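Asker: I have a structure here, written as structure tokens, and I will follow up with some questions on it.
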Amino acid sequence: MVEKNLHKGKRCFIVGTGSSLDDIDLSLLKDEITIGINLILLKEDFVPNYLCVADTQVLKNHYNVIFSDKMDNGMYVLGNGCELTGRGNCTDGPGSTCNGIQIDPRYKNVYTLKHWEKSGIFIDHIDDERTKLLKTDEYYMDMDEFKRFTSYGGSTIDNLAIPLAVYLGFKEIYLLGCDGGWYHFYDTHKKEGKREWINYNHVIKMLDFYGVSLVNCDNTNSFKELNYKKLEEVINENY
């Protein structure tokens, strides 16, 4: 179970899987509350308090990496299944990111949400040139029940991890390992370039409503719409 306002007024760090994570000393987070993304458990000597995965194909294809005894004291928060099956590109077919999977019942520390959109459909979330995020007016955070999540953001971070942080009551959210690139810290083959459509403009508007700040601590400082602060400075602040 994910308890609303469990960490009311505190701060958290969302840790992505970008290649920039290799240049970050994650031991600095030992006394912090952390939310990890997707295959973060491949990072040695780091286990988040919460682990978010929004894509059921990631769950299916990397099941034995994601589900681990390392997380025995943590919580999985997963997008698993969809309320829009059969509409738009939300299908039951192979390869669908909304095609739910069975999770071994021995994992008791699992909280699941379902994909749902305000318009009742999900299609064309980026433009043909893959440079612009579309339909951000459809973006939402389910702060009443936290049972649904949107895909009209750019990534698992804005669609699931940030809403989780807000639901848990955090007032300060810091990003690490979030560089908007194609290359993850665990990849053996490098894919250059950025996912140009990823930004947090739509998120900032909603966070302002909830009185929550979003700060980038990743040393790439890829997102100019966010305030940037060095991780060491944040850790050394009295909190």
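Chain labels A, B, ... are given in the sequence in which chains occur in the structure tokens; within each chain residues are numbered consecutively from 1, and ligands are likewise numbered from 1 in the order shown.
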Against stretch 16-21 of chain A, which residues of stretch 44-92 of chain A fall within 12 Å? For each one I want the closest pair of atoms and the distance in Å (one decimal), counting only C-alpha atoms, rows by chain and increasing residue number, as a tab-separated table.
Answerer:
```
residue	atom	partner	partner_atom	distance
A:Glu44	CA	A:Leu21	CA	11.6
A:Phe46	CA	A:Leu21	CA	11.4
A:Pro48	CA	A:Gly16	CA	10.8
A:Leu51	CA	A:Gly16	CA	10.3
A:Cys52	CA	A:Gly16	CA	10.0
A:Val53	CA	A:Gly16	CA	11.1
```
Asker: Pull C-alpha atoms from the residues just selected and write them as a PDB file, in the first residue's frame.
Answerer:
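The resulting selection-v3.pdb:
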```
ATOM      1  CA  GLU A  44      25.818  -1.634  -7.748  1.00  0.00           C
ATOM      2  CA  PHE A  46      22.290   1.423  -4.674  1.00  0.00           C
ATOM      3  CA  PRO A  48      15.940   2.919  -3.784  1.00  0.00           C
ATOM      4  CA  LEU A  51      11.033   1.605  -7.597  1.00  0.00           C
ATOM      5  CA  CYS A  52       8.794   2.815 -10.438  1.00  0.00           C
ATOM      6  CA  VAL A  53       8.135   1.084 -13.755  1.00  0.00           C
TER       7      VAL A  53
END
```
Asker: Enumerate, in order of chain and increasing residue number, the residues of stretch 21-71 of chain A with an atom no farther than 9 Å from stretch 80-89 of chain A, each with its shortest atom pair and distance in Å to one decimal, counting only C-alpha atoms, as a Markdown table.
Answerer:
```
| residue | atom | partner | partner_atom | distance |
| --- | --- | --- | --- | --- |
| A:Val53 | CA | A:Asn80 | CA | 8.6 |
| A:Ala54 | CA | A:Asn80 | CA | 7.2 |
| A:Asp55 | CA | A:Asn80 | CA | 7.4 |
| A:Thr56 | CA | A:Asn80 | CA | 5.7 |
| A:Leu59 | CA | A:Asn80 | CA | 8.6 |
```
Asker: Have a look at atom CA of A:Leu168 and atom CA of A:Lys4 and let me know their distance in Å, one decimal.
Answerer: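 These atoms are spaced 5.0 Å apart.
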Asker: So, with only C-alpha atoms as the atoms that count, which of A:Ile162, A:Val58, A:Cys12, A:Ile66 lies closest to A:Asp31?
Answerer: A:Cys12
Asker: According to DSSP computed on the backbone, where in stretch 117-178 of chain A is there strand (DSSP E)? Give the residues as a count of residues only.
Answerer: 7
Asker: When you draw a straight line from atom CA of A:Met143 to atom CA of A:Lys30, how long is it in Å?
Answerer: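 That distance, rounded to one decimal, is 28.2 Å.
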Asker: From the list A:Asp104, A:Tyr183, A:Leu39, A:Leu207, which residue is nearest A:Ala165 when using only C-alpha atoms?
Answerer: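 Smallest distance to A:Ala165 is found for A:Leu207.
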Asker: What is the distance between atom CA of A:Asp142 and atom CA of A:Ile235, in Å to one decimal?
Answerer: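 Atom CA of A:Asp142 sits 29.8 Å away from atom CA of A:Ile235.
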Asker: Using only C-alpha atoms for the distances, tell me which of A:Lys132, A:His202, A:Lys191, A:Lys60 is nearest to A:Gln102.
Answerer: A:Lys60
Asker: Nearest to A:Glu129 among A:Leu231, A:Ile103, A:Val47, A:Glu196, with distances taken over only C-alpha atoms: which residue is it?
Answerer: A:Glu196
Asker: For A:Asn38, which residue out of A:Val15, A:Val215, A:Leu113, A:Met141 is the nearest one, using only C-alpha atoms?
Answerer: A:Val15
Asker: With distances taken over only C-alpha atoms, which of A:Glu117, A:Asp187, A:Asp72, A:Asp208 is nearest to A:Lys171?
Answerer: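 Result for the nearest residue to A:Lys171: A:Asp208.
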